[in-house]
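Student: This one is protein.pdb, PDB, C-alpha atoms, pLDDT in the B column.
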```pdb
ATOM      1  CA  MET F1466     -10.019  14.970  13.461  1.00 89.00           C
ATOM      2  CA  THR F1467      -7.885  14.226  10.389  1.00 96.00           C
ATOM      3  CA  ILE F1468      -8.892  11.557   7.873  1.00 98.00           C
ATOM      4  CA  VAL F1469      -6.030   9.685   6.203  1.00 98.00           C
ATOM      5  CA  SER F1470      -6.137   7.194   3.359  1.00 98.00           C
ATOM      6  CA  SER F1471      -3.998   4.930   1.207  1.00 98.00           C
ATOM      7  CA  TYR F1472      -5.119   3.775  -2.245  1.00 98.00           C
ATOM      8  CA  ASN F1473      -3.476   1.721  -4.987  1.00 98.00           C
ATOM      9  CA  ILE F1474      -5.323   2.973  -8.074  1.00 98.00           C
ATOM     10  CA  HIS F1475      -3.880   0.300 -10.415  1.00 98.00           C
ATOM     11  CA  LYS F1476      -3.104   2.933 -13.067  1.00 97.00           C
ATOM     12  CA  ALA F1477      -6.859   3.707 -13.112  1.00 97.00           C
ATOM     13  CA  VAL F1478      -7.642   0.286 -14.639  1.00 98.00           C
ATOM     14  CA  GLY F1479     -10.674  -1.163 -12.896  1.00 98.00           C
ATOM     15  CA  THR F1480     -11.866  -4.682 -12.245  1.00 97.00           C
ATOM     16  CA  ASP F1481     -13.808  -4.417 -15.521  1.00 97.00           C
ATOM     17  CA  MET F1482     -10.427  -3.896 -17.299  1.00 96.00           C
ATOM     18  CA  ARG F1483     -11.366  -0.327 -18.312  1.00 97.00           C
ATOM     19  CA  ARG F1484      -9.043   2.596 -17.652  1.00 97.00           C
ATOM     20  CA  ASP F1485     -11.243   5.312 -16.165  1.00 98.00           C
ATOM     21  CA  PRO F1486      -9.406   8.003 -14.159  1.00 98.00           C
ATOM     22  CA  ALA F1487     -12.682   9.826 -13.428  1.00 98.00           C
ATOM     23  CA  ARG F1488     -13.848   6.838 -11.364  1.00 98.00           C
ATOM     24  CA  ILE F1489     -10.678   6.998  -9.284  1.00 98.00           C
ATOM     25  CA  VAL F1490     -11.243  10.699  -8.593  1.00 98.00           C
ATOM     26  CA  GLN F1491     -14.817   9.951  -7.538  1.00 98.00           C
ATOM     27  CA  VAL F1492     -13.631   7.271  -5.105  1.00 98.00           C
ATOM     28  CA  ILE F1493     -11.052   9.674  -3.642  1.00 98.00           C
ATOM     29  CA  ALA F1494     -13.847  12.221  -3.198  1.00 98.00           C
ATOM     30  CA  GLU F1495     -15.918   9.579  -1.381  1.00 98.00           C
ATOM     31  CA  LEU F1496     -13.105   9.151   1.155  1.00 98.00           C
ATOM     32  CA  GLY F1497     -13.285  12.759   2.365  1.00 97.00           C
ATOM     33  CA  ALA F1498      -9.642  12.466   3.438  1.00 98.00           C
ATOM     34  CA  ASP F1499      -7.175  15.215   4.305  1.00 98.00           C
ATOM     35  CA  ILE F1500      -4.070  13.104   3.576  1.00 98.00           C
ATOM     36  CA  VAL F1501      -4.027  10.511   0.789  1.00 98.00           C
ATOM     37  CA  ALA F1502      -1.152   8.281  -0.329  1.00 98.00           C
ATOM     38  CA  LEU F1503      -1.681   6.965  -3.853  1.00 98.00           C
ATOM     39  CA  GLN F1504       0.197   4.156  -5.566  1.00 98.00           C
ATOM     40  CA  GLU F1505       0.458   3.261  -9.270  1.00 97.00           C
ATOM     41  CA  VAL F1506      -0.471   6.752 -10.439  1.00 97.00           C
ATOM     42  CA  ASP F1507       2.107   6.626 -13.259  1.00 94.00           C
ATOM     43  CA  ARG F1508       2.620   4.174 -16.094  1.00 87.00           C
ATOM     44  CA  ARG F1509       5.569   1.949 -15.302  1.00 78.00           C
ATOM     45  CA  PHE F1510       7.358   2.142 -18.639  1.00 76.00           C
ATOM     46  CA  GLY F1511       8.053   4.656 -21.398  1.00 73.00           C
ATOM     47  CA  ASP F1512       7.630   8.273 -20.336  1.00 79.00           C
ATOM     48  CA  ARG F1513       6.076   7.190 -16.980  1.00 83.00           C
ATOM     49  CA  ARG F1514       3.065   9.364 -17.815  1.00 89.00           C
ATOM     50  CA  GLY F1515       0.627   9.990 -14.986  1.00 92.00           C
ATOM     51  CA  VAL F1516      -2.892   8.624 -15.463  1.00 95.00           C
ATOM     52  CA  LEU F1517      -4.793  11.357 -13.595  1.00 96.00           C
ATOM     53  CA  ASP F1518      -5.672  14.973 -14.332  1.00 95.00           C
ATOM     54  CA  PRO F1519      -4.248  16.840 -11.295  1.00 93.00           C
ATOM     55  CA  GLY F1520      -6.368  19.930 -11.951  1.00 94.00           C
ATOM     56  CA  TYR F1521      -9.573  17.924 -12.139  1.00 97.00           C
ATOM     57  CA  LEU F1522      -8.549  15.930  -9.078  1.00 97.00           C
ATOM     58  CA  GLN F1523      -7.992  19.069  -7.021  1.00 97.00           C
ATOM     59  CA  ALA F1524     -11.222  20.677  -8.212  1.00 97.00           C
ATOM     60  CA  GLU F1525     -13.282  17.600  -7.311  1.00 98.00           C
ATOM     61  CA  THR F1526     -11.609  16.693  -4.004  1.00 98.00           C
ATOM     62  CA  GLY F1527      -9.826  19.803  -2.696  1.00 97.00           C
ATOM     63  CA  LEU F1528      -6.600  17.766  -2.466  1.00 98.00           C
ATOM     64  CA  ALA F1529      -3.317  19.107  -3.856  1.00 96.00           C
ATOM     65  CA  PRO F1530      -0.335  16.903  -4.804  1.00 96.00           C
ATOM     66  CA  VAL F1531       2.963  17.270  -2.983  1.00 96.00           C
ATOM     67  CA  VAL F1532       5.420  18.638  -5.542  1.00 91.00           C
ATOM     68  CA  LEU F1533       8.598  16.605  -5.970  1.00 89.00           C
ATOM     69  CA  THR F1534      11.858  17.812  -7.475  1.00 83.00           C
ATOM     70  CA  ASP F1535      12.752  14.278  -8.553  1.00 73.00           C
ATOM     71  CA  ARG F1536      10.568  12.436 -11.059  1.00 74.00           C
ATOM     72  CA  LEU F1537      11.266   9.563 -13.432  1.00 72.00           C
ATOM     73  CA  GLY F1538       9.758  11.407 -16.389  1.00 75.00           C
ATOM     74  CA  LYS F1539       8.448  14.873 -17.176  1.00 78.00           C
ATOM     75  CA  ALA F1540       4.910  13.504 -17.560  1.00 80.00           C
ATOM     76  CA  ALA F1541       4.971  11.576 -14.267  1.00 86.00           C
ATOM     77  CA  HIS F1542       2.807  12.653 -11.355  1.00 90.00           C
ATOM     78  CA  GLY F1543       4.923  11.212  -8.555  1.00 90.00           C
ATOM     79  CA  TRP F1544       7.871   8.964  -7.751  1.00 92.00           C
ATOM     80  CA  HIS F1545       7.782   5.305  -8.834  1.00 93.00           C
ATOM     81  CA  GLY F1546       4.020   5.727  -8.978  1.00 94.00           C
ATOM     82  CA  ASN F1547       3.707   7.142  -5.441  1.00 96.00           C
ATOM     83  CA  LEU F1548       1.862  10.429  -4.938  1.00 97.00           C
ATOM     84  CA  LEU F1549       0.888  12.293  -1.769  1.00 98.00           C
ATOM     85  CA  LEU F1550      -2.251  14.447  -1.729  1.00 98.00           C
ATOM     86  CA  LEU F1551      -2.929  16.996   1.027  1.00 98.00           C
ATOM     87  CA  ARG F1552      -5.711  19.329   2.053  1.00 97.00           C
ATOM     88  CA  GLY F1553      -4.862  22.500   3.955  1.00 93.00           C
ATOM     89  CA  ALA F1554      -1.335  21.444   4.895  1.00 96.00           C
ATOM     90  CA  GLU F1555       1.992  23.247   4.668  1.00 97.00           C
ATOM     91  CA  VAL F1556       4.778  21.180   3.102  1.00 97.00           C
ATOM     92  CA  GLU F1557       8.108  21.948   4.762  1.00 97.00           C
ATOM     93  CA  GLN F1558      10.139  19.479   2.720  1.00 95.00           C
ATOM     94  CA  ALA F1559       9.590  16.407   0.586  1.00 96.00           C
ATOM     95  CA  GLN F1560      12.063  13.926  -0.815  1.00 95.00           C
ATOM     96  CA  ALA F1561      11.880  11.022  -3.217  1.00 96.00           C
ATOM     97  CA  VAL F1562      13.530   7.868  -1.897  1.00 96.00           C
ATOM     98  CA  SER F1563      14.679   4.942  -4.041  1.00 95.00           C
ATOM     99  CA  LEU F1564      14.183   1.546  -2.423  1.00 97.00           C
ATOM    100  CA  PRO F1565      16.466  -1.495  -2.807  1.00 96.00           C
ATOM    101  CA  GLY F1566      15.310  -4.758  -4.354  1.00 92.00           C
ATOM    102  CA  LEU F1567      14.955  -6.571  -7.655  1.00 90.00           C
ATOM    103  CA  GLU F1568      12.075  -4.350  -8.830  1.00 90.00           C
ATOM    104  CA  PRO F1569      12.230  -0.570  -9.217  1.00 90.00           C
ATOM    105  CA  ARG F1570      10.400   0.773  -6.159  1.00 95.00           C
ATOM    106  CA  GLY F1571      10.280   4.052  -4.299  1.00 95.00           C
ATOM    107  CA  ALA F1572       8.811   6.107  -1.477  1.00 97.00           C
ATOM    108  CA  ILE F1573       8.040   9.715  -0.590  1.00 98.00           C
ATOM    109  CA  VAL F1574       9.083  11.189   2.755  1.00 97.00           C
ATOM    110  CA  ALA F1575       7.430  14.522   3.533  1.00 97.00           C
ATOM    111  CA  ASP F1576       7.525  16.773   6.583  1.00 97.00           C
ATOM    112  CA  ILE F1577       4.342  18.812   6.839  1.00 97.00           C
ATOM    113  CA  ARG F1578       2.365  20.994   9.214  1.00 96.00           C
ATOM    114  CA  LEU F1579      -1.326  20.286   9.466  1.00 94.00           C
ATOM    115  CA  ASN F1580      -3.327  22.792  11.497  1.00 89.00           C
ATOM    116  CA  GLY F1581      -0.059  23.812  13.110  1.00 91.00           C
ATOM    117  CA  HIS F1582       0.919  20.242  14.035  1.00 94.00           C
ATOM    118  CA  PRO F1583       4.213  18.892  12.633  1.00 96.00           C
ATOM    119  CA  LEU F1584       3.976  15.443  11.046  1.00 97.00           C
ATOM    120  CA  ARG F1585       6.249  13.211   8.981  1.00 97.00           C
ATOM    121  CA  LEU F1586       4.579  11.201   6.208  1.00 98.00           C
ATOM    122  CA  ILE F1587       6.081   8.160   4.522  1.00 98.00           C
ATOM    123  CA  ALA F1588       4.236   6.897   1.440  1.00 98.00           C
ATOM    124  CA  ALA F1589       5.562   3.766  -0.239  1.00 98.00           C
ATOM    125  CA  HIS F1590       4.864   0.863  -2.570  1.00 98.00           C
ATOM    126  CA  LEU F1591       6.975  -2.141  -1.596  1.00 98.00           C
ATOM    127  CA  GLY F1592       8.110  -5.074  -3.701  1.00 97.00           C
ATOM    128  CA  LEU F1593       6.530  -8.438  -4.423  1.00 96.00           C
ATOM    129  CA  LEU F1594       9.425 -10.461  -2.966  1.00 95.00           C
ATOM    130  CA  ARG F1595       9.706 -10.849   0.810  1.00 94.00           C
ATOM    131  CA  GLN F1596      13.485 -10.361   0.826  1.00 95.00           C
ATOM    132  CA  SER F1597      13.067  -7.099  -1.061  1.00 96.00           C
ATOM    133  CA  ARG F1598      10.377  -5.968   1.387  1.00 96.00           C
ATOM    134  CA  LEU F1599      12.701  -6.649   4.311  1.00 96.00           C
ATOM    135  CA  MET F1600      15.438  -4.488   2.766  1.00 97.00           C
ATOM    136  CA  GLN F1601      12.935  -1.790   1.915  1.00 97.00           C
ATOM    137  CA  ALA F1602      11.445  -1.840   5.418  1.00 97.00           C
ATOM    138  CA  ARG F1603      14.911  -1.481   6.940  1.00 97.00           C
ATOM    139  CA  LEU F1604      15.625   1.549   4.780  1.00 97.00           C
ATOM    140  CA  LEU F1605      12.285   3.191   5.531  1.00 97.00           C
ATOM    141  CA  ALA F1606      12.806   2.563   9.254  1.00 96.00           C
ATOM    142  CA  ARG F1607      15.743   4.975   9.098  1.00 95.00           C
ATOM    143  CA  HIS F1608      13.329   7.717   7.992  1.00 96.00           C
ATOM    144  CA  VAL F1609      10.982   7.288  10.953  1.00 95.00           C
ATOM    145  CA  GLY F1610      11.005  10.335  13.199  1.00 89.00           C
ATOM    146  CA  ALA F1611      12.817  13.610  12.715  1.00 83.00           C
ATOM    147  CA  GLY F1612      15.227  15.810  14.619  1.00 82.00           C
ATOM    148  CA  ASP F1613      12.402  17.853  16.111  1.00 87.00           C
ATOM    149  CA  GLY F1614      10.634  14.760  17.476  1.00 87.00           C
ATOM    150  CA  ARG F1615       7.639  14.987  15.166  1.00 93.00           C
ATOM    151  CA  PRO F1616       5.506  11.830  14.877  1.00 96.00           C
ATOM    152  CA  THR F1617       5.511   9.604  11.792  1.00 97.00           C
ATOM    153  CA  LEU F1618       2.660   8.121   9.784  1.00 97.00           C
ATOM    154  CA  VAL F1619       3.435   5.410   7.195  1.00 97.00           C
ATOM    155  CA  MET F1620       1.000   4.521   4.408  1.00 97.00           C
ATOM    156  CA  GLY F1621       1.047   2.474   1.247  1.00 98.00           C
ATOM    157  CA  ASP F1622       0.691  -0.788  -0.595  1.00 98.00           C
ATOM    158  CA  PHE F1623       3.227  -2.991   1.186  1.00 97.00           C
ATOM    159  CA  ASN F1624       2.394  -6.244  -0.645  1.00 97.00           C
ATOM    160  CA  GLU F1625       2.552  -8.005   2.738  1.00 95.00           C
ATOM    161  CA  TRP F1626      -0.260 -10.105   4.187  1.00 93.00           C
ATOM    162  CA  ARG F1627       1.591 -11.681   7.122  1.00 90.00           C
ATOM    163  CA  LEU F1628       1.009 -10.238  10.592  1.00 83.00           C
ATOM    164  CA  GLY F1629       3.365 -12.248  12.815  1.00 81.00           C
ATOM    165  CA  ALA F1630       7.123 -12.692  13.139  1.00 79.00           C
ATOM    166  CA  ASP F1631       7.447 -13.604   9.445  1.00 85.00           C
ATOM    167  CA  CYS F1632       6.037 -10.240   8.366  1.00 90.00           C
ATOM    168  CA  GLY F1633       8.404  -8.538   5.927  1.00 92.00           C
ATOM    169  CA  LEU F1634       7.535  -5.185   7.495  1.00 94.00           C
ATOM    170  CA  MET F1635       8.939  -6.104  10.905  1.00 92.00           C
ATOM    171  CA  PRO F1636      11.960  -3.722  10.791  1.00 93.00           C
ATOM    172  CA  LEU F1637       9.634  -0.806  10.059  1.00 93.00           C
ATOM    173  CA  ARG F1638       7.033  -1.872  12.605  1.00 92.00           C
ATOM    174  CA  ARG F1639       9.715  -2.170  15.293  1.00 92.00           C
ATOM    175  CA  GLU F1640      10.989   1.336  14.584  1.00 93.00           C
ATOM    176  CA  LEU F1641       7.430   2.667  14.712  1.00 92.00           C
ATOM    177  CA  ARG F1642       6.845   0.653  17.915  1.00 90.00           C
ATOM    178  CA  ALA F1643       3.785  -0.779  16.209  1.00 85.00           C
ATOM    179  CA  VAL F1644       4.651  -4.482  16.552  1.00 80.00           C
ATOM    180  CA  LYS F1645       1.776  -5.179  18.948  1.00 70.00           C
ATOM    181  CA  ARG F1646      -0.726  -3.357  16.773  1.00 63.00           C
ATOM    182  CA  SER F1647      -0.870  -5.911  13.970  1.00 60.00           C
ATOM    183  CA  ALA F1648      -4.613  -6.152  14.506  1.00 62.00           C
ATOM    184  CA  LEU F1649      -4.879  -2.699  12.918  1.00 79.00           C
ATOM    185  CA  THR F1650      -5.108  -4.183   9.426  1.00 92.00           C
ATOM    186  CA  ARG F1651      -8.046  -4.662   7.119  1.00 95.00           C
ATOM    187  CA  PRO F1652      -8.334  -6.791   3.966  1.00 97.00           C
ATOM    188  CA  SER F1653      -8.208  -4.576   0.870  1.00 97.00           C
ATOM    189  CA  PHE F1654      -7.301  -6.922  -1.991  1.00 98.00           C
ATOM    190  CA  PRO F1655      -8.785  -8.024  -4.314  1.00 98.00           C
ATOM    191  CA  ALA F1656     -11.373  -5.276  -4.445  1.00 98.00           C
ATOM    192  CA  ARG F1657     -14.361  -7.430  -5.364  1.00 96.00           C
ATOM    193  CA  MET F1658     -13.825  -9.830  -2.467  1.00 96.00           C
ATOM    194  CA  PRO F1659     -11.015  -8.550  -0.224  1.00 97.00           C
ATOM    195  CA  VAL F1660      -9.129 -11.178   1.785  1.00 97.00           C
ATOM    196  CA  LEU F1661      -5.518  -9.893   1.960  1.00 97.00           C
ATOM    197  CA  PRO F1662      -4.344  -6.844   3.990  1.00 96.00           C
ATOM    198  CA  LEU F1663      -1.786  -5.694   1.418  1.00 97.00           C
ATOM    199  CA  ASP F1664      -2.411  -2.004   2.102  1.00 98.00           C
ATOM    200  CA  ARG F1665      -1.431  -0.548   5.470  1.00 96.00           C
ATOM    201  CA  ILE F1666      -1.657   2.639   7.511  1.00 97.00           C
ATOM    202  CA  ILE F1667       0.744   2.456  10.478  1.00 95.00           C
ATOM    203  CA  ALA F1668       1.269   5.176  13.068  1.00 94.00           C
ATOM    204  CA  CYS F1669       3.852   5.698  15.779  1.00 94.00           C
ATOM    205  CA  PRO F1670       2.625   5.742  19.431  1.00 92.00           C
ATOM    206  CA  GLN F1671       2.419   9.547  19.488  1.00 93.00           C
ATOM    207  CA  LEU F1672      -0.496   9.378  17.069  1.00 95.00           C
ATOM    208  CA  ASP F1673      -3.995   8.112  17.845  1.00 94.00           C
ATOM    209  CA  LEU F1674      -5.045   6.107  14.789  1.00 94.00           C
ATOM    210  CA  HIS F1675      -8.495   4.570  14.919  1.00 93.00           C
ATOM    211  CA  ASP F1676     -11.522   3.560  12.846  1.00 96.00           C
ATOM    212  CA  LEU F1677      -9.266   1.871  10.285  1.00 96.00           C
ATOM    213  CA  ARG F1678     -11.340   0.264   7.546  1.00 97.00           C
ATOM    214  CA  ALA F1679     -11.431  -0.514   3.864  1.00 98.00           C
ATOM    215  CA  HIS F1680     -13.639   1.878   1.938  1.00 98.00           C
ATOM    216  CA  ASP F1681     -16.040  -0.594   0.368  1.00 97.00           C
ATOM    217  CA  SER F1682     -18.408   1.169  -2.010  1.00 98.00           C
ATOM    218  CA  THR F1683     -19.934  -0.033  -5.267  1.00 97.00           C
ATOM    219  CA  LEU F1684     -17.698   2.334  -7.210  1.00 98.00           C
ATOM    220  CA  ALA F1685     -14.551   1.400  -5.278  1.00 98.00           C
ATOM    221  CA  ARG F1686     -15.093  -2.260  -6.125  1.00 98.00           C
ATOM    222  CA  ARG F1687     -14.986  -1.379  -9.837  1.00 98.00           C
ATOM    223  CA  ALA F1688     -12.447   1.469 -10.014  1.00 98.00           C
ATOM    224  CA  SER F1689      -9.279  -0.462  -9.020  1.00 98.00           C
ATOM    225  CA  ASP F1690      -8.173  -3.940  -7.977  1.00 98.00           C
ATOM    226  CA  HIS F1691      -7.518  -2.592  -4.451  1.00 98.00           C
ATOM    227  CA  LEU F1692      -9.971  -0.980  -2.074  1.00 98.00           C
ATOM    228  CA  PRO F1693      -8.689   2.195  -0.414  1.00 98.00           C
ATOM    229  CA  LEU F1694      -7.938   2.175   3.297  1.00 98.00           C
ATOM    230  CA  ARG F1695      -9.307   4.982   5.463  1.00 98.00           C
ATOM    231  CA  ALA F1696      -8.631   5.888   9.097  1.00 98.00           C
ATOM    232  CA  ALA F1697      -9.178   8.720  11.564  1.00 97.00           C
ATOM    233  CA  LEU F1698      -6.078  10.345  13.033  1.00 96.00           C
ATOM    234  CA  ARG F1699      -5.835  12.458  16.166  1.00 93.00           C
ATOM    235  CA  LEU F1700      -2.678  14.567  16.265  1.00 90.00           C
ATOM    236  CA  PRO F1701      -0.887  15.110  19.596  1.00 84.00           C
ATOM    237  CA  GLN F1702      -1.223  18.466  21.336  1.00 71.00           C
ATOM    238  CA  THR F1703       2.483  18.622  22.153  1.00 53.00           C
ATOM    239  CA  GLN F1704       5.582  17.512  20.262  1.00 44.00           C
ATOM    240  CA  SER F1705       7.982  17.150  23.175  1.00 41.00           C
ATOM    241  CA  ALA F1706       8.358  13.363  23.053  1.00 37.00           C
ATOM    242  CA  VAL F1707      11.151  12.059  20.859  1.00 36.00           C
ATOM    243  CA  MET F1708      10.670   8.649  19.269  1.00 34.00           C
TER     244      MET F1708
END
```
Translate this file's structure into structure tokens.

Tutor:
Amino acid sequence: MTIVSSYNIHKAVGTDMRRDPARIVQVIAELGADIVALQEVDRRFGDRRGVLDPGYLQAETGLAPVVLTDRLGKAAHGWHGNLLLLRGAEVEQAQAVSLPGLEPRGAIVADIRLNGHPLRLIAAHLGLLRQSRLMQARLLARHVGAGDGRPTLVMGDFNEWRLGADCGLMPLRRELRAVKRSALTRPSFPARMPVLPLDRIIACPQLDLHDLRAHDSTLARRASDHLPLRAALRLPQTQSAVM
């Protein structure tokens, strides 16, 4: 069983308005995940400096960041604040994707092998405006699936709380064939009293995603304004089906 997670760390600024990267690392360790998509790991302006210590993070959690060729600054951890962390996986390729919209947004698309199973990961942080989210979802939908038929898992802070036809993620959900699985959401924002399902983990039908929940610990409620999402993932035994 593979544990996957998505977590907006809010640049390590907690609900007490203190920046404390060590708390974020402790929450990530609590998750016990093998695949983690992080958002807001870099400062948005200036040199885009990352707020974490990657060496300390790996030592405490066993998770290693996916290395990207493209970054917005030499001191940045990821791409537009997105970072993928993996445990025991082989990265075949990873690309940074710029997303359309009024705000600067981005995503990471990575093809990996986990315990011999091929998997495509899409990690993203979508915009605040619904029209931007629709454009961004359409673009990300084009990255679902791969030539070898490997399944796709999408994770991130999508800034979308709607679940029905008005959902700004509908183009992506249609491509993933996940339209009827809207119930697989959990409130994750704000951390102290979560009511909105802004963070999502969405899988294509080839993947068995279950036990989706917000990780609600005392530390998680203080470390960021979002709670992390966590789910169990069962990878398919064969990769013959093409999405």

Student: If you count only C-alpha atoms, which residues fall within 8 Å of F:Ile1666, apart from same-chain ones fewer than 6 positions away, as a CSV table (one decimal) with C-alpha atoms, in the coordinates of the input?

Tutor:
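Saved result, part35.csv, follows:
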```csv
chain,number,residue,atom,x,y,z
F,1470,SER,CA,-6.1,7.2,3.4
F,1471,SER,CA,-4.0,4.9,1.2
F,1618,LEU,CA,2.7,8.1,9.8
F,1619,VAL,CA,3.4,5.4,7.2
F,1620,MET,CA,1.0,4.5,4.4
F,1621,GLY,CA,1.0,2.5,1.2
F,1650,THR,CA,-5.1,-4.2,9.4
F,1694,LEU,CA,-7.9,2.2,3.3
F,1696,ALA,CA,-8.6,5.9,9.1
```

Student: Name every residue that the PyMOL selection byres ((chain F and resi 1655) around 10) selects in this structure, writing the answer as JSON, numbers by chain with chains first and numbers rising.

Tutor: {"F": [1480, 1652, 1653, 1654, 1656, 1657, 1658, 1659, 1660, 1661, 1662, 1663, 1686, 1689, 1690, 1691, 1692]}

Student: Calculated over only C-alpha atoms, which of the candidates F:Arg1552, F:Lys1539, F:Arg1598, F:His1680 has the smallest distance to F:Arg1651?

Tutor: F:His1680

Student: For stretch 1520-1534 of chain F, list every protein, DNA or RNA residue within 12 Å, evaluated using only C-alpha atoms, and leave out those in the same chain fewer than 3 positions away; present the list as a ChimeraX atom specification.

Tutor: /F:1469,1486-1503,1506,1516-1517,1537-1539,1541-1545,1547-1562,1572-1577,1586,1588

Student: Translate the PyMOL selection byres ((chain F and resi 1609) around 9) into a concrete residue list for this structure, as a list of chain:residue names.

Tutor: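 Applied to this file, the PyMOL selection byres ((chain F and resi 1609) around 9) returns F:Arg1585, F:Leu1586, F:Ile1587, F:Leu1605, F:Ala1606, F:Arg1607, F:His1608, F:Gly1610, F:Ala1611, F:Pro1616, F:Thr1617, F:Leu1618, F:Val1619, F:Leu1637, F:Glu1640, F:Leu1641, F:Cys1669, F:Met1708.
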
Student: Selected by the PyMOL selection byres ((chain F and resi 1600) around 10) in the shown coordinates: which residues, as a list in words?

Tutor: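 Matching residues under the PyMOL selection byres ((chain F and resi 1600) around 10) are Leu1564, Pro1565, Gly1566, Leu1591, Gly1592, Arg1595, Gln1596, Ser1597, Arg1598, Leu1599, Gln1601, Ala1602, Arg1603, Leu1604, Leu1605, Ala1606, Gly1633, Leu1634 and Pro1636 of chain F.
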
Student: So how many Å separate atom CA of F:Arg1678 and atom CA of F:Leu1700, to one decimal?

Tutor: 18.9 Å

Student: Specify the axis-aligned box that encloses all atoms of stretch 1660-1672 of chain F listed in the file after padding of 8 Å on each side, stating its centre and edge lengths in Å to one decimal as lines of an AutoDock Vina configuration file.

Tutor:
```
center_x = -2.6
center_y = -0.8
center_z = 10.5
size_x = 29.0
size_y = 36.7
size_z = 34.1
```
